[in-house]
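Asker: Mind having a look at this structure? Questions to follow.
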2 protein chains.
Amino acid sequence: MSTADGVRGDRTARGTRGARARARIEVTATIKAEARAQLAVEGAAKLSLRAVARELGMASSALYRYFPSRDDLLTALIIDAYDSLGGAAEAAHDSAAGLGPARRWTMVCEAVRVWALAHPHEYALIYGSPVPGYTAPQDTVPAAARVAEVLIGILREAHRGTGLAKPVIPAELRPEARRMAADIAPDLPPETVTAMVACWAELFGLVGFEVFGQLHRVVEDRPTFFRHAADRLAHSVGLVFP
Amino acid sequence: MSTADGVRGDRTARGTRGARARARIEVTATIKAEARAQLAVEGAAKLSLRAVARELGMASSALYRYFPSRDDLLTALIIDAYDSLGGAAEAAHDSAAGLGPARRWTMVCEAVRVWALAHPHEYALIYGSPVPGYTAPQDTVPAAARVAEVLIGILREAHRGTGLAKPVIPAELRPEARRMAADIAPDLPPETVTAMVACWAELFGLVGFEVFGQLHRVVEDRPTFFRHAADRLAHSVGLVFP
DNA sequence: GTCTATAGGCGGATAGAC
DNA sequence: GTCTATCCGCCTATAGAC
């Protein structure tokens, strides 16, 4: 929204505006940080501008200059969480640049898991139960797509090479598979796209079960268990290990 | 807790106690029904005895005779939800008695999906984000295990026959696999138990993504997509289709 | 941009009458 | 078992002073 800074040296209205803009960014970040802390204690459903203000030593009404409503703050937190997770997935992928597609797939999956375990409440915000009474605006979509895009990128590269087997799908699923491929990745075989979407959902099933405690007293060596599960997802999407 | 009714015909203290016990059960059911309705509107985090009482035309303090605290009401709802889902899974399995293990597996998975779509808020209660500040008591465990037990039963039967291939797992996972098998199903191969736990988590990943709207504008023909995904899970746990 | 004050709600839980 | 009354806390959001 705001334009670039004015001239730095003088303290004209322009310079002041720049300083204010910077202060605004800082305060906004502080508010979001405190809101994230409250997410952990009370959950998204009870996120309260007043409580954030109290903790920050501000009047609650002051926050309305930064976020017009509680839901706007929630939206900002959701986008931040998707971006943080997406960034972690991209970083894992980039840092595995030299490896083959199947290995990179597994490493991206592991990065998702590690991020989720490190940020359980933000994970709950984006992949847990919807917040009652809140509907995410379209603004969240690009950030939400980043993890899937990393996975698609791996498959695309494998497809250009020889590292991608084509999964088998039944005839009744073929129309939907073609539709999904056209929407999501027209350059990949419909079978691959279909399998990828399923694996994407299954990945978050595994991660969610661990983050939300469903594996308590069921799986103990969860890193090893997860790595193997991610390998199996890779296999099931057609990636072959060298 | 309460014992059976007293003699029906007379209105002694015993008879009255029986009537009261019945009334108590009825009121308890009414409270839970209203609480479930509120779950849909406000979510579990904001479940409020006061709001339930208001809607029922009772004084809020009266509810404390039925549930000592808000968390006890929540626990009752959670157990009911697990039991309802478990019952649906068992019913699906029983109604498919004549079919082979792989088909039964898929039908149980579909029953889970159908139940979840029909009861999204109860699904969120048991498989969504944990309710902040609430920890489920051990009482919920038996009800929570019912779906997994149905799946294990299918594998057990397949294992007794010839319908079960043994999945391959890497050496590093073998100790944990043995541990899980000993805990969960000592009569099944550790590889099978490990794959089953992963598929169980992945199943709820698929279901959760659909129930919570993550497949919106991604998958359109969701019944077909899901059926195929469940078939692939069956395959990946070692069940073979005839 | 931040404050105080205010409106008009909501909640859990308990005491004590009937 | 149900009620009223009560304690003490919480919330979103706005108005208007500085």
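We name chains A, B, ... following the order of the structure tokens; residues begin at 1 in each chain, and ligands are numbered from 1 as shown.
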Using only C-alpha atoms (C1' of nucleotides), find each residue in chain B having at least one atom no more than 12 Å away from chain D; report its shortest atom-to-atom pair and that distance in Å (one decimal), rows by chain then rising number, as CSV.

Answerer:
```
residue,atom,partner,partner_atom,distance
B:Arg20,CA,D:DG1,C1',10.4
B:Ala23,CA,D:DG1,C1',11.2
B:Arg24,CA,D:DG1,C1',10.0
B:Val27,CA,D:DG1,C1',11.4
B:Ala53,CA,D:DT2,C1',11.9
B:Gly57,CA,D:DT2,C1',11.3
B:Met58,CA,D:DT2,C1',8.1
B:Ala59,CA,D:DC3,C1',6.9
B:Ser60,CA,D:DC3,C1',9.8
B:Ser61,CA,D:DT2,C1',8.4
B:Ala62,CA,D:DT2,C1',6.0
B:Leu63,CA,D:DG1,C1',9.5
B:Tyr64,CA,D:DG1,C1',10.1
B:Arg65,CA,D:DG1,C1',7.4
B:Tyr66,CA,D:DG1,C1',9.9
```

Asker: Find the residues of chain B in contact range of chain A, meaning any atom within 6 Å when counting only C-alpha atoms, and list them as a VMD selection string.

Answerer: chain B and resid 42 to 43 124 128 to 129 132 201 to 202 204 to 206

Asker: Quick one: distance from CA of Asp231 (chain A) to CA of Cys109 (chain A) in Å, one decimal?

Answerer: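 Computing the Euclidean distance for CA of Asp231 (chain A) and CA of Cys109 (chain A) yields 9.2 Å.
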
Asker: Residues of chain B within 9 Å of chain C: nearest atom pair and distance (Å, one decimal) for each, counting only C-alpha atoms (C1' of nucleotides), sorted by chain and number, as JSON lines?

Answerer:
```
{"residue": "B:Ser48", "atom": "CA", "partner": "C:DG11", "partner_atom": "C1'", "distance": 7.4}
{"residue": "B:Leu49", "atom": "CA", "partner": "C:DG12", "partner_atom": "C1'", "distance": 8.3}
{"residue": "B:Arg50", "atom": "CA", "partner": "C:DG11", "partner_atom": "C1'", "distance": 7.5}
{"residue": "B:Ser61", "atom": "CA", "partner": "C:DA13", "partner_atom": "C1'", "distance": 8.3}
{"residue": "B:Ser69", "atom": "CA", "partner": "C:DG12", "partner_atom": "C1'", "distance": 8.5}
{"residue": "B:Arg70", "atom": "CA", "partner": "C:DG12", "partner_atom": "C1'", "distance": 8.3}
```

Asker: Could you please determine the separation between CA of Gln38 (chain B) and CA of His216 (chain B) in Å, to one decimal place?

Answerer: 24.9 Å

Asker: So the first atom is CA of Pro190 (chain B) and the second is CA of Arg178 (chain B); what is the distance between them in Å, to one decimal place?

Answerer: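 It comes out at 5.2 Å.
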
Asker: Please provide as a list in words all residues within 6 Å of region 81-91 of chain A, with the sequence filter that same-chain residues fewer than 2 positions apart are discarded (counting only C-alpha atoms (C1' of nucleotides)).

Answerer: Ile78, Ile79, His93, Asp94, Val108, Ala111, Glu122, Ala143, Ala144, Arg146 and Val147 of chain A

Asker: Pick out each residue of region 31-66 of chain B that DSSP on the backbone tags as alpha helix (DSSP H); I need them as a PyMOL selection string.

Answerer: chain B and resi 31-42+49-56+60-63

Asker: Neighbours of Pro242 (chain A) within 10 Å (only C-alpha atoms (C1' of nucleotides); same-chain residues fewer than 6 positions away dropped), as number ranges by chain?

Answerer: A: 100-103, 163
